[in-house]
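Reproduced below: upload-v5.csv, with CSV, C-alpha atoms.
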chain,number,residue,atom,x,y,z
A,1,MET,CA,0.0,0.0,0.0
A,2,PHE,CA,1.5,3.3,-1.1
A,3,ILE,CA,1.1,6.3,1.2
A,4,HIS,CA,1.1,9.6,-0.8
A,5,ASN,CA,3.6,12.0,0.7
A,6,LEU,CA,4.8,13.6,-2.5
A,7,ASN,CA,5.7,17.3,-2.5
A,8,PRO,CA,4.0,19.3,-5.2
A,9,ILE,CA,6.8,21.9,-5.0
A,10,ILE,CA,10.0,21.2,-6.7
A,11,ILE,CA,12.0,24.2,-5.5
A,12,ASN,CA,11.0,26.9,-3.1
A,13,PHE,CA,13.0,30.1,-3.3
A,14,GLY,CA,10.8,31.8,-0.7
A,15,PHE,CA,9.5,34.5,-3.1
A,16,LEU,CA,9.0,32.0,-5.9
A,17,GLU,CA,7.8,28.4,-6.0
A,18,ILE,CA,8.4,26.0,-8.9
A,19,ARG,CA,5.7,23.3,-8.9
A,20,TRP,CA,5.4,20.0,-10.8
A,21,TYR,CA,2.0,21.2,-12.0
A,22,SER,CA,3.4,24.2,-13.8
A,23,LEU,CA,6.4,22.3,-15.1
A,24,ALA,CA,4.0,19.6,-16.5
A,25,TYR,CA,2.2,22.2,-18.6
A,26,ILE,CA,5.4,23.8,-19.9
A,27,ALA,CA,7.0,20.4,-20.7
A,28,GLY,CA,3.9,19.2,-22.4
A,29,ILE,CA,3.6,22.2,-24.6
A,30,PHE,CA,7.2,22.2,-25.7
A,31,LEU,CA,7.6,18.5,-26.2
A,32,GLY,CA,4.4,18.4,-28.2
A,33,PHE,CA,5.6,21.4,-30.2
A,34,TYR,CA,8.8,19.7,-31.3
A,35,TYR,CA,7.1,16.4,-32.0
A,36,ALA,CA,4.5,18.3,-34.1
A,37,LYS,CA,7.4,19.6,-36.2
A,38,TYR,CA,8.5,16.1,-36.9
A,39,LEU,CA,4.9,15.1,-37.9
A,40,ILE,CA,4.6,18.0,-40.2
A,41,LYS,CA,7.8,17.1,-42.0
A,42,LYS,CA,6.8,13.5,-42.3
A,43,TYR,CA,3.0,13.6,-43.1
A,44,TRP,CA,1.9,17.2,-43.8
A,45,ASP,CA,4.7,18.5,-46.0
A,46,LYS,CA,2.3,19.1,-49.0
A,47,GLU,CA,-0.1,21.2,-46.9
A,48,LYS,CA,0.1,24.9,-46.5
A,49,ILE,CA,1.7,24.6,-43.1
A,50,ASN,CA,5.3,24.8,-42.2
A,51,PHE,CA,7.6,25.3,-39.2
A,52,LYS,CA,7.2,29.1,-39.3
A,53,ASN,CA,3.4,28.6,-39.1
A,54,LEU,CA,3.9,26.3,-36.1
A,55,ASP,CA,6.2,28.8,-34.4
A,56,ASN,CA,3.7,31.6,-34.8
A,57,PHE,CA,0.8,29.3,-33.6
A,58,LEU,CA,2.6,28.5,-30.3
A,59,ILE,CA,1.4,31.7,-28.6
A,60,TYR,CA,-2.2,31.0,-29.8
A,61,LEU,CA,-2.0,27.5,-28.4
A,62,ILE,CA,-0.7,28.6,-25.0
A,63,LEU,CA,-3.4,31.2,-24.7
A,64,GLY,CA,-6.1,28.8,-25.8
A,65,ILE,CA,-5.0,26.2,-23.2
A,66,ILE,CA,-4.7,28.7,-20.3
A,67,PHE,CA,-7.8,30.8,-21.0
A,68,GLY,CA,-10.0,27.9,-22.1
A,69,GLY,CA,-8.8,25.6,-19.3
A,70,ARG,CA,-9.2,28.2,-16.6
A,71,ILE,CA,-12.5,29.6,-17.8
A,72,GLY,CA,-13.9,26.1,-18.3
A,73,TYR,CA,-12.9,25.1,-14.8
A,74,ILE,CA,-14.5,28.2,-13.3
A,75,LEU,CA,-17.8,27.9,-15.3
A,76,PHE,CA,-18.1,24.1,-15.2
A,77,TYR,CA,-16.8,23.2,-11.7
A,78,ASN,CA,-16.5,26.1,-9.3
A,79,LEU,CA,-18.4,29.3,-10.4
A,80,ASN,CA,-19.7,30.0,-6.9
A,81,TYR,CA,-16.3,29.9,-5.3
A,82,TYR,CA,-14.5,32.1,-7.8
A,83,SER,CA,-17.4,34.6,-8.0
A,84,HIS,CA,-16.7,35.3,-4.3
A,85,ASN,CA,-12.9,35.0,-4.7
A,86,PRO,CA,-12.2,36.6,-8.1
A,87,ILE,CA,-8.5,37.3,-7.4
A,88,GLU,CA,-7.8,33.6,-7.1
A,89,ILE,CA,-8.8,33.2,-10.8
A,90,LEU,CA,-5.2,34.3,-11.4
A,91,PHE,CA,-3.6,31.6,-9.1
A,92,LEU,CA,-3.0,29.1,-11.9
A,93,TRP,CA,-0.2,27.4,-9.9
A,94,GLN,CA,-2.7,26.1,-7.4
A,95,GLY,CA,-4.4,24.0,-10.1
A,96,GLY,CA,-7.9,24.2,-11.4
A,97,MET,CA,-7.9,23.7,-15.1
A,98,SER,CA,-10.6,21.9,-17.2
A,99,PHE,CA,-9.6,19.7,-20.0
A,100,HIS,CA,-12.9,20.2,-21.8
A,101,GLY,CA,-12.5,24.0,-21.5
A,102,GLY,CA,-8.9,23.8,-22.7
A,103,ALA,CA,-10.0,21.8,-25.7
A,104,ILE,CA,-12.6,24.4,-26.6
A,105,GLY,CA,-10.1,27.2,-26.1
A,106,VAL,CA,-7.5,25.5,-28.4
A,107,PHE,CA,-10.1,24.8,-31.1
A,108,ILE,CA,-11.2,28.5,-31.1
A,109,ALA,CA,-7.5,29.5,-31.2
A,110,SER,CA,-6.9,27.1,-34.1
A,111,ILE,CA,-9.9,28.6,-36.1
A,112,ILE,CA,-8.6,32.2,-35.6
A,113,PHE,CA,-5.0,31.3,-36.5
A,114,ALA,CA,-6.0,29.1,-39.5
A,115,LYS,CA,-8.2,31.8,-41.0
A,116,LYS,CA,-5.6,34.5,-40.4
A,117,ASN,CA,-2.9,32.4,-42.1
A,118,LYS,CA,-5.1,30.7,-44.8
A,119,ILE,CA,-4.4,27.2,-43.4
A,120,LYS,CA,-7.0,24.4,-43.3
A,121,VAL,CA,-8.2,24.4,-39.7
A,122,LEU,CA,-8.8,20.6,-39.7
A,123,VAL,CA,-5.2,20.0,-40.8
A,124,LEU,CA,-4.0,22.1,-37.8
A,125,THR,CA,-6.3,20.3,-35.3
A,126,ASP,CA,-5.2,16.9,-36.7
A,127,ILE,CA,-1.6,17.8,-35.9
A,128,ILE,CA,-2.5,19.1,-32.5
A,129,VAL,CA,-4.4,16.0,-31.4
A,130,CYS,CA,-1.5,13.7,-32.4
A,131,VAL,CA,0.7,15.5,-29.8
A,132,ALA,CA,-1.9,16.6,-27.2
A,133,SER,CA,-1.7,13.4,-25.2
A,134,ILE,CA,1.9,14.2,-24.2
A,135,GLY,CA,0.6,17.1,-22.2
A,136,ILE,CA,-2.4,15.2,-20.9
A,137,PHE,CA,-0.1,12.4,-19.7
A,138,LEU,CA,2.3,14.8,-17.8
A,139,GLY,CA,-0.7,16.8,-16.5
A,140,ARG,CA,-2.3,13.7,-14.9
A,141,ILE,CA,1.1,12.7,-13.4
A,142,ALA,CA,1.2,16.2,-11.9
A,143,ASN,CA,-2.4,15.8,-10.6
A,144,PHE,CA,-1.1,12.6,-8.8
A,145,ILE,CA,1.8,14.4,-7.3
A,146,ASN,CA,-0.5,17.2,-6.1
A,147,GLY,CA,-2.8,14.6,-4.5
A,148,GLU,CA,-5.8,16.0,-6.3
A,149,LEU,CA,-8.5,14.4,-8.4
A,150,TYR,CA,-8.1,11.3,-6.3
A,151,GLY,CA,-10.1,8.1,-6.8
A,152,LYS,CA,-12.8,6.3,-4.9
A,153,LYS,CA,-12.1,4.0,-2.0
A,154,THR,CA,-10.8,0.6,-2.8
A,155,PHE,CA,-9.8,-2.6,-1.1
A,156,SER,CA,-7.3,-3.6,-3.8
A,157,ASN,CA,-3.6,-3.9,-3.1
A,158,TYR,CA,-2.7,-1.1,-5.5
A,159,GLY,CA,-4.8,1.5,-3.6
A,160,VAL,CA,-3.1,4.7,-2.5
A,161,ILE,CA,-3.6,6.5,0.8
A,162,PHE,CA,-3.9,10.3,0.4
A,163,PRO,CA,-3.4,11.5,4.1
A,164,LYS,CA,-4.7,15.0,3.2
A,165,VAL,CA,-8.0,13.3,2.3
A,166,ASP,CA,-8.3,10.4,4.8
A,167,MET,CA,-6.4,7.2,5.7
A,168,GLU,CA,-8.5,5.0,3.4
A,169,PRO,CA,-6.9,3.4,0.3
A,170,ARG,CA,-8.2,4.9,-2.9
A,171,HIS,CA,-7.9,4.3,-6.6
A,172,PRO,CA,-5.0,6.3,-8.1
A,173,SER,CA,-7.4,7.5,-10.8
A,174,GLN,CA,-4.9,10.2,-11.9
A,175,LEU,CA,-2.6,7.4,-13.0
A,176,TYR,CA,-5.4,5.6,-14.8
A,177,GLU,CA,-6.1,8.7,-16.7
A,178,ALA,CA,-2.4,9.2,-17.5
A,179,ILE,CA,-2.3,5.8,-19.0
A,180,LEU,CA,-5.7,5.9,-20.9
A,181,GLU,CA,-6.0,9.5,-21.9
A,182,GLY,CA,-2.2,10.0,-22.2
A,183,LEU,CA,-0.2,7.0,-23.2
A,184,ILE,CA,-2.7,4.8,-24.9
A,185,LEU,CA,-4.5,7.6,-26.7
A,186,PHE,CA,-1.1,8.9,-28.0
A,187,LEU,CA,-0.1,5.5,-29.3
A,188,LEU,CA,-3.6,4.9,-30.9
A,189,LEU,CA,-3.7,8.2,-32.9
A,190,ASN,CA,-0.1,7.9,-34.0
A,191,ILE,CA,-0.5,4.3,-35.1
A,192,ILE,CA,-3.6,5.3,-37.1
A,193,LEU,CA,-1.6,8.1,-38.7
A,194,LYS,CA,1.3,5.8,-39.6
A,195,TYR,CA,-0.6,2.8,-40.9
A,196,LYS,CA,-3.9,4.0,-42.3
A,197,LYS,CA,-3.5,4.5,-46.0
A,198,LYS,CA,-6.0,7.3,-46.5
A,199,ILE,CA,-7.0,9.8,-43.8
A,200,PHE,CA,-9.3,12.7,-44.6
A,201,ASN,CA,-8.7,16.1,-42.9
A,202,GLY,CA,-10.4,16.2,-39.5
A,203,GLU,CA,-10.5,12.4,-39.1
A,204,LEU,CA,-7.8,12.3,-36.5
A,205,SER,CA,-9.5,15.2,-34.6
A,206,CYS,CA,-12.7,13.2,-34.5
A,207,TYR,CA,-10.9,10.1,-33.3
A,208,PHE,CA,-9.3,12.1,-30.5
A,209,LEU,CA,-12.7,13.4,-29.4
A,210,ILE,CA,-14.3,10.0,-29.5
A,211,PHE,CA,-11.5,8.0,-27.8
A,212,TYR,CA,-10.6,10.6,-25.3
A,213,SER,CA,-14.3,10.8,-24.2
A,214,LEU,CA,-14.5,7.0,-23.9
A,215,PHE,CA,-11.3,6.8,-21.9
A,216,ARG,CA,-12.4,9.7,-19.6
A,217,ILE,CA,-15.8,8.0,-19.0
A,218,ILE,CA,-14.0,4.8,-18.0
A,219,SER,CA,-11.7,6.8,-15.7
A,220,GLU,CA,-14.6,8.7,-14.1
A,221,MET,CA,-15.9,5.4,-12.8
A,222,PHE,CA,-12.9,5.2,-10.4
A,223,ARG,CA,-12.6,8.9,-9.7
A,224,GLU,CA,-14.2,10.7,-6.7
A,225,PRO,CA,-16.5,13.5,-8.0
A,226,ASP,CA,-15.6,17.1,-7.1
A,227,LYS,CA,-16.8,17.9,-3.6
A,228,GLN,CA,-18.5,21.1,-4.6
A,229,ILE,CA,-20.5,19.4,-7.3
A,230,GLY,CA,-20.9,15.7,-6.4
A,231,TYR,CA,-22.9,13.6,-8.9
A,232,ILE,CA,-25.1,15.3,-11.5
A,233,ILE,CA,-27.6,12.4,-11.6
A,234,PHE,CA,-27.4,8.9,-10.0
A,235,ASN,CA,-23.6,8.1,-10.2
A,236,VAL,CA,-22.9,10.3,-13.2
A,237,SER,CA,-20.3,13.0,-12.6
A,238,LEU,CA,-19.9,16.3,-14.4
A,239,GLY,CA,-16.8,15.0,-16.1
A,240,THR,CA,-18.8,12.1,-17.6
A,241,CYS,CA,-21.5,14.4,-18.8
A,242,LEU,CA,-19.0,16.7,-20.5
A,243,SER,CA,-17.3,13.7,-22.1
A,244,LEU,CA,-20.6,12.4,-23.4
A,245,CYS,CA,-21.2,15.7,-25.1
A,246,PHE,CA,-17.7,15.6,-26.7
A,247,LEU,CA,-18.3,12.0,-27.7
A,248,VAL,CA,-21.6,12.8,-29.5
A,249,PHE,CA,-20.0,15.8,-31.1
A,250,GLY,CA,-17.0,13.7,-32.3
A,251,ILE,CA,-19.3,11.1,-33.8
A,252,ILE,CA,-21.5,13.6,-35.6
A,253,ALA,CA,-18.5,15.6,-36.8
A,254,PHE,CA,-16.9,12.4,-38.2
A,255,LYS,CA,-20.0,11.6,-40.2
A,256,ILE,CA,-20.3,15.1,-41.6
A,257,ILE,CA,-16.6,15.5,-42.4
A,258,LYS,CA,-16.3,12.1,-44.0
A,259,ASP,CA,-19.4,12.6,-46.2
A,260,GLU,CA,-18.1,16.0,-47.3
A,261,SER,CA,-14.7,14.5,-48.1
A,262,TYR,CA,-16.3,11.7,-50.1
A,263,ARG,CA,-18.3,14.1,-52.1
A,264,LYS,CA,-15.2,16.1,-53.0
A,265,ILE,CA,-13.3,13.0,-54.1
A,266,ASN,CA,-16.2,11.9,-56.3

Go ahead and render the structure in this file as structure tokens.
Amino acid sequence: MFIHNLNPIIINFGFLEIRWYSLAYIAGIFLGFYYAKYLIKKYWDKEKINFKNLDNFLIYLILGIIFGGRIGYILFYNLNYYSHNPIEILFLWQGGMSFHGGAIGVFIASIIFAKKNKIKVLVLTDIIVCVASIGIFLGRIANFINGELYGKKTFSNYGVIFPKVDMEPRHPSQLYEAILEGLILFLLLNIILKYKKKIFNGELSCYFLIFYSLFRIISEMFREPDKQIGYIIFNVSLGTCLSLCFLVFGIIAFKIIKDESYRKIN
């Protein structure tokens, strides 16, 4: 039985703290950025996107993640608290980011950048989703180090005790999500990209929405719901509800984009 005693702070200078959570975001963005350059060179060299486009897009991506993730968390998960403590909206180092909000923020940023630079937005999002799981993986590891988003109680031998919560063994749901939404999703999308002979623009983006949502719904079965929200209905959490919306959207988008692509070919 593992007792969680990990320190979320890497280095404390007194006036400045460097946290694993912040480092995970930074590392995820830059590792994904350089891997995206490799993918562009190998698979998207004929499209109107190049390394300079990607360099210019980086600031859009960062803003989309930060604003989308933070606003999404506030609106979806903790509006009442932040409406009474507005200054804490700026305390990003304390956590409190929504994946679903971040995804929406990145999509909006991609549309703006693609139109401005005359790039196909679905090509841009296909590239992003192939690298996004790197950041998700590191982010979930950081969640585990922080001891947040912990799982439900369990009697299994691989349960983890989070002393700041209680002394009961719990599912390390953060690690489940790191494996499913991070590692497996990354491998799945990149294997499809490598071995599928024909891929239409937007196909990988739809696969990402569909498979991420399925993996998140599975993970939510082991994850304790947010205290300030609880379950929405029966044993269904808000994370599950949002993932179901993304899943439906991904399936509908796949059908529409595929049909449109087929009509253009024929």

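Of note, atom CA of Ile10 of chain A and atom CA of Leu23 of chain A are spaced 9.2 Å apart.
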
Nearest-residue call for Ile62 of chain A, choices A:Ile199, A:Val106, A:Met221, A:Ile141, using all atoms listed in the file:
A:Val106

Could you write out as JSON the box around segment 212-220 of chain A (axis-aligned, all atoms listed in the file, 4 Å on each side), with centre and edge lengths in Å to one decimal?
{"center_x": -13.2, "center_y": 7.8, "center_z": -19.7, "size_x": 13.2, "size_y": 14.0, "size_z": 19.2}

List as a tab-separated table every residue of segment 116-149 of chain A that is in contact with segment 41-47 of chain A, defined as an atom at most 10 Å from one of its atoms (using only C-alpha atoms), together with the nearest atom pair and the distance in Å rounded to one decimal, sorted by chain and then rising number.
residue	atom	partner	partner_atom	distance
A:Ile119	CA	A:Glu47	CA	8.2
A:Lys120	CA	A:Glu47	CA	8.4
A:Val123	CA	A:Glu47	CA	8.0
A:Leu124	CA	A:Trp44	CA	9.7
A:Ile127	CA	A:Trp44	CA	8.7

Residues of segment 55-155 of chain A within 7 Å of segment 30-33 of chain A: nearest atom pair and distance (Å, one decimal) for each, counting only C-alpha atoms, sorted by chain and number, as CSV?
residue,atom,partner,partner_atom,distance
A:Val131,CA,A:Gly32,CA,5.0
A:Ala132,CA,A:Gly32,CA,6.6
A:Ile134,CA,A:Gly32,CA,6.3

Shell around Ser237 of chain A at 7 Å using only C-alpha atoms, local window under 6 positions removed, as a list in words
Pro225, Gly230 and Tyr231 of chain A

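You will find atom CA of Tyr77 of chain A at 9.7 Å from atom CA of Lys227 of chain A.
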
To one decimal place, how far is atom CA of Leu189 of chain A from atom CA of Leu122 of chain A in Å?
15.0 Å
